[in-house]
Amino acid sequence: MAVLEYTIADFINRESWWRNRGLLVLNIYLILPLLSSVLNGLDSSILNGLQILPGWQEYFHHPEGKTLGLINSAQGIGALSGIPFSPYVSDLLGRRASMFIGAIIVLAGVFTQALCTTVQVFIGARVLIGLGIAFSINAAPLLISELSYPTHRGKLTALYNSMWYFGSIISAWICLVAYDRTGASQWSWRVPVFIQATVPVLQMMLIWFIPESPRFLAAKGLESQAARVLAQYHANGPKQCDHLVAFEMAQIRHALNVEREIASSPSYLTCFATPGNRRRMFIIISIAVFSQWSGNGLVSGYINIVLDGIGITTTRTKAVINGCLQVFNLASALLGTTLVDKLGRRKLFLISNIGMLIVFSMWTITTALFDETKTRTATVPLIFMFFFFYDFAYTPMIISYTLEILPYNIRAKGLAIMNFSAYLFNTFNAFVNPWALDAISWKYYLVYCGWLVLELVFVMLFIIETKGRTLEETAALFDGVRPRNTTERRESATLSRTPQYVPRPPRLEKDNPDNYFELHDSSSARSSAFGSPSHIELQEYSRVQSGVFGSASHLETQSEESAITAVNHHHDIVS
């Protein structure tokens, strides 16, 4: 007898998410971890705005050269100090606890920075803020990726990094408003710094009201709690026997079991222990480097110097260009976010790299012409065009793609390696860019032109498509793992196996009356709280016979197979 083989696409919600109370509440909750990216953008961009302000320049005696490079790289130094430890906190204490710790540290750094009186204290405060952000940017995308609804995961994780520009917009325009209101007063730079405290205060107050990651709960042996979270927010109620919940729980359980067999105590070395993991790390580190070395760092950290180099010297004009650029960046990143699931990851990267190479080459030519002839050229529009192509893929995809290709047991550490690599090369940029621009002017742009060619070649050769797959199925693309006797197991699962239940009386726990998933070592979940086993078995068997749905146990078997063999999202008829 032939039955349909199911994938997760068969059980997803078909109505608009805002009409489903569980999904509506879940997506509102996920705004809080999204704010971590806003905080990162706000703090990373604040110095770009402060450097334009005469009040900041005068208060700190017009820093330049090594001092300016150290000020710009201080946040990166703090982040580099905290990133190696952040995944251990995320995996040991949970994603929410790590975000809470990060918010406390950031808040302390913000107040120190806002009240400082010397450049040395200012630099120390920047280091402290970077340390706190390291914990926040590790935990927040993990929570979004592991808690979001399957069909929303790609967009939400892409949206996460795109929200960096929302913080950047706030930073740019607050600096402009502060300048208009206070002129060269020291409050022109202290007020924007104080505003940075808003996000960590919100996260400290609200983080414990949102649910924990189901994958973290399952990894800690709390499968019942994980199932309740999935049921409440993915299945819109306490129905832990929902087919989608059964499918997701089975994939999570099986993936965790396989990962435990591969590495019982994962460390950073685990990220490089297998051919599949080494391939992941090669791609992740590469795109992290590309995100900082594509030429974007010239404007992101030193727009004041870049605009001086093309003859734009007035404070207000610089501030307006900076503010408009950040709004444009956010719009470009959101456009890329909406196209993630339509065009696919690989196509977005290709469009981005081809566009950046062409436009940056034109940008280099116009800057060289101004340097030689002092004639105004179209450099500013080209800067906007360059950032359109950069934001189209690298802003939404660097976090999203990293999380998609990493299995659970190294997901936090792999993300930490990506963040560490990005901050390391961003810190390098902060030191080198001002020196290089002073020394060789526009000729320094030629280095980035050559590097963009290498980036394009890399994307063409190594970026693979992950569109339309669950996290567990994507992981199988790299590992190429197939279970022993796959053919026999699949035949047994789809043709011979009928729902089997443990013959034990139903049990209702006082604190968990809707307990569907029993905690035991078996790789399948069994019903123990919904009627008699025989009744459920007959009911589910009749559904299998009619070809409508499989039982929870049957779905789990198929889900375990798909987690290993990366079943595509079409119905396969097994005969």
# chains A, B, ... in the order shown; residues from 1 in each chain; ligands from 1
>>> closest_atom_pairs(of="range 330-427 of chain A", to="range 160-183 of chain A", cutoff="6 Å", atoms="only C-alpha atoms", output="tab-separated table")
residue	atom	partner	partner_atom	distance
A:Leu330	CA	A:Tyr165	CA	5.1
A:Ala333	CA	A:Ser162	CA	5.4
A:Thr395	CA	A:Ser162	CA	5.5
A:Pro396	CA	A:Ser162	CA	5.1
>>> write_last_selection(atoms="all heavy atoms", output="mmCIF file, in the first residue's frame")
data_model
loop_
_atom_site.group_PDB
_atom_site.id
_atom_site.type_symbol
_atom_site.label_atom_id
_atom_site.label_comp_id
_atom_site.auth_asym_id
_atom_site.auth_seq_id
_atom_site.Cartn_x
_atom_site.Cartn_y
_atom_site.Cartn_z
ATOM 1 N N LEU A 330 18.646 51.221 4.778
ATOM 2 C CA LEU A 330 17.592 50.401 5.373
ATOM 3 C C LEU A 330 16.595 49.947 4.310
ATOM 4 O O LEU A 330 16.205 48.767 4.282
ATOM 5 C CB LEU A 330 16.871 51.181 6.472
ATOM 6 C CG LEU A 330 15.691 50.454 7.134
ATOM 7 C CD1 LEU A 330 16.157 49.176 7.820
ATOM 8 C CD2 LEU A 330 14.985 51.359 8.129
ATOM 9 N N ALA A 333 18.197 47.194 2.252
ATOM 10 C CA ALA A 333 18.294 45.936 3.000
ATOM 11 C C ALA A 333 16.932 45.265 3.138
ATOM 12 O O ALA A 333 16.818 44.034 3.031
ATOM 13 C CB ALA A 333 18.895 46.204 4.381
ATOM 14 N N THR A 395 23.840 42.672 3.953
ATOM 15 C CA THR A 395 23.185 43.089 5.197
ATOM 16 C C THR A 395 22.159 42.059 5.662
ATOM 17 O O THR A 395 22.213 41.620 6.815
ATOM 18 C CB THR A 395 22.543 44.475 5.027
ATOM 19 O OG1 THR A 395 23.577 45.425 4.760
ATOM 20 C CG2 THR A 395 21.810 44.886 6.298
ATOM 21 N N PRO A 396 21.214 41.618 4.837
ATOM 22 C CA PRO A 396 20.239 40.645 5.338
ATOM 23 C C PRO A 396 20.769 39.221 5.440
ATOM 24 O O PRO A 396 20.276 38.432 6.253
ATOM 25 C CB PRO A 396 19.110 40.723 4.305
ATOM 26 C CG PRO A 396 19.754 41.166 3.049
ATOM 27 C CD PRO A 396 20.871 42.075 3.470
#
>>> residues_around(residues="Arg153 in chain A", least_positions_apart="2", cutoff="10 Å", atoms="only C-alpha atoms", output="number ranges by chain")
A: 144-151, 155-159, 341, 400, 404, 470-471
>>> residues_around(residues="Arg190 in chain A", least_positions_apart="4", cutoff="8 Å", atoms="only C-alpha atoms", output="list in words")
Ala114, Leu115, Gln186 and Phe194 of chain A
>>> residues_around(residues="Asn353 in chain A", least_positions_apart="2", cutoff="8 Å", atoms="only C-alpha atoms", output="PyMOL selection string")
chain A and resi 349-351+355-357+389-390+452+455-456
>>> closest_residue(among="A:Ile71, A:Leu39, A:Ile104, A:Ala139", to="Phe85 in chain A", atoms="only C-alpha atoms")
A:Ala139
>>> residues_around(residues="Phe272 in chain A", least_positions_apart="5", cutoff="8 Å", atoms="only C-alpha atoms", output="PyMOL selection string")
chain A and resi 277-278+281
>>> residues_around(residues="Leu230 in chain A", least_positions_apart="6", cutoff="12 Å", atoms="only C-alpha atoms", output="short mmCIF file (atom, residue, chain, number, x, y, z; two decimals) with C-alpha atoms, in the first residue's frame")
data_model
loop_
_atom_site.label_atom_id
_atom_site.label_comp_id
_atom_site.auth_asym_id
_atom_site.auth_seq_id
_atom_site.Cartn_x
_atom_site.Cartn_y
_atom_site.Cartn_z
CA GLY A 22 -0.10 32.28 18.08
CA LEU A 23 1.96 33.58 15.16
CA LEU A 26 5.25 35.19 18.49
CA GLU A 146 15.23 28.72 16.59
CA LEU A 147 11.92 30.20 17.77
CA SER A 148 10.44 31.62 14.57
CA TYR A 149 7.81 29.82 12.49
CA PRO A 150 9.38 27.63 9.75
CA PRO A 211 9.65 32.14 25.33
CA GLU A 212 13.01 30.37 25.29
CA SER A 213 14.36 28.59 22.22
CA PRO A 214 12.70 25.13 21.78
CA ARG A 215 16.00 23.73 20.49
CA LEU A 217 15.11 23.41 25.83
CA ALA A 218 15.27 20.09 23.97
CA GLU A 223 11.32 18.24 25.61
CA SER A 224 7.91 18.75 27.22
CA ASN A 236 -1.88 28.31 18.05
CA GLY A 237 -2.84 26.51 21.21
CA PRO A 238 -2.07 23.72 23.67
CA LYS A 239 -2.37 20.98 21.01
CA GLN A 240 0.97 19.25 21.45
CA CYS A 241 -0.33 16.39 19.29
CA ASP A 242 -0.50 18.75 16.32
CA HIS A 243 1.22 17.20 13.30
CA LEU A 244 3.51 20.21 12.78
CA VAL A 245 4.63 20.06 16.41
CA ALA A 246 5.30 16.32 16.11
CA PHE A 247 7.28 16.87 12.92
CA GLU A 248 9.39 19.71 14.35
CA MET A 249 10.05 17.90 17.62
CA ILE A 252 15.02 18.54 16.61
CA TYR A 516 2.11 15.04 24.83
CA PHE A 517 5.80 14.30 24.66
#
>>> residues_around(residues="Tyr445 in chain A", least_positions_apart="6", cutoff="9 Å", atoms="only C-alpha atoms", output="PyMOL selection string")
chain A and resi 295+360-361+363-364+437
>>> write_last_selection(atoms="N, CA, C and O atoms", output="CSV table (one decimal), in the first residue's frame")
chain,number,residue,atom,x,y,z
A,295,GLY,N,34.6,47.5,0.7
A,295,GLY,CA,34.7,49.0,0.4
A,295,GLY,C,33.7,49.7,1.3
A,295,GLY,O,33.8,51.0,1.4
A,360,PHE,N,31.7,50.2,-7.6
A,360,PHE,CA,32.9,50.7,-6.9
A,360,PHE,C,34.0,51.1,-7.9
A,360,PHE,O,34.8,52.0,-7.6
A,361,SER,N,34.1,50.4,-9.0
A,361,SER,CA,35.1,50.8,-10.0
A,361,SER,C,34.8,52.2,-10.5
A,361,SER,O,35.7,53.0,-10.7
A,363,TRP,N,33.1,54.5,-8.8
A,363,TRP,CA,33.3,55.4,-7.7
A,363,TRP,C,34.8,55.7,-7.6
A,363,TRP,O,35.2,56.9,-7.4
A,364,THR,N,35.7,54.7,-7.9
A,364,THR,CA,37.2,55.0,-7.9
A,364,THR,C,37.6,56.0,-8.9
A,364,THR,O,38.4,56.9,-8.7
A,437,LEU,N,44.1,56.3,3.5
A,437,LEU,CA,43.5,57.4,2.8
A,437,LEU,C,44.4,58.6,2.8
A,437,LEU,O,44.5,59.4,1.9
>>> select_by_dssp(residues="range 243-436 of chain A", states="alpha helix (DSSP H)", output="ChimeraX atom specification")
/A:243-262,275-292,296-308,315-338,340-343,345-373,379-405,408-436
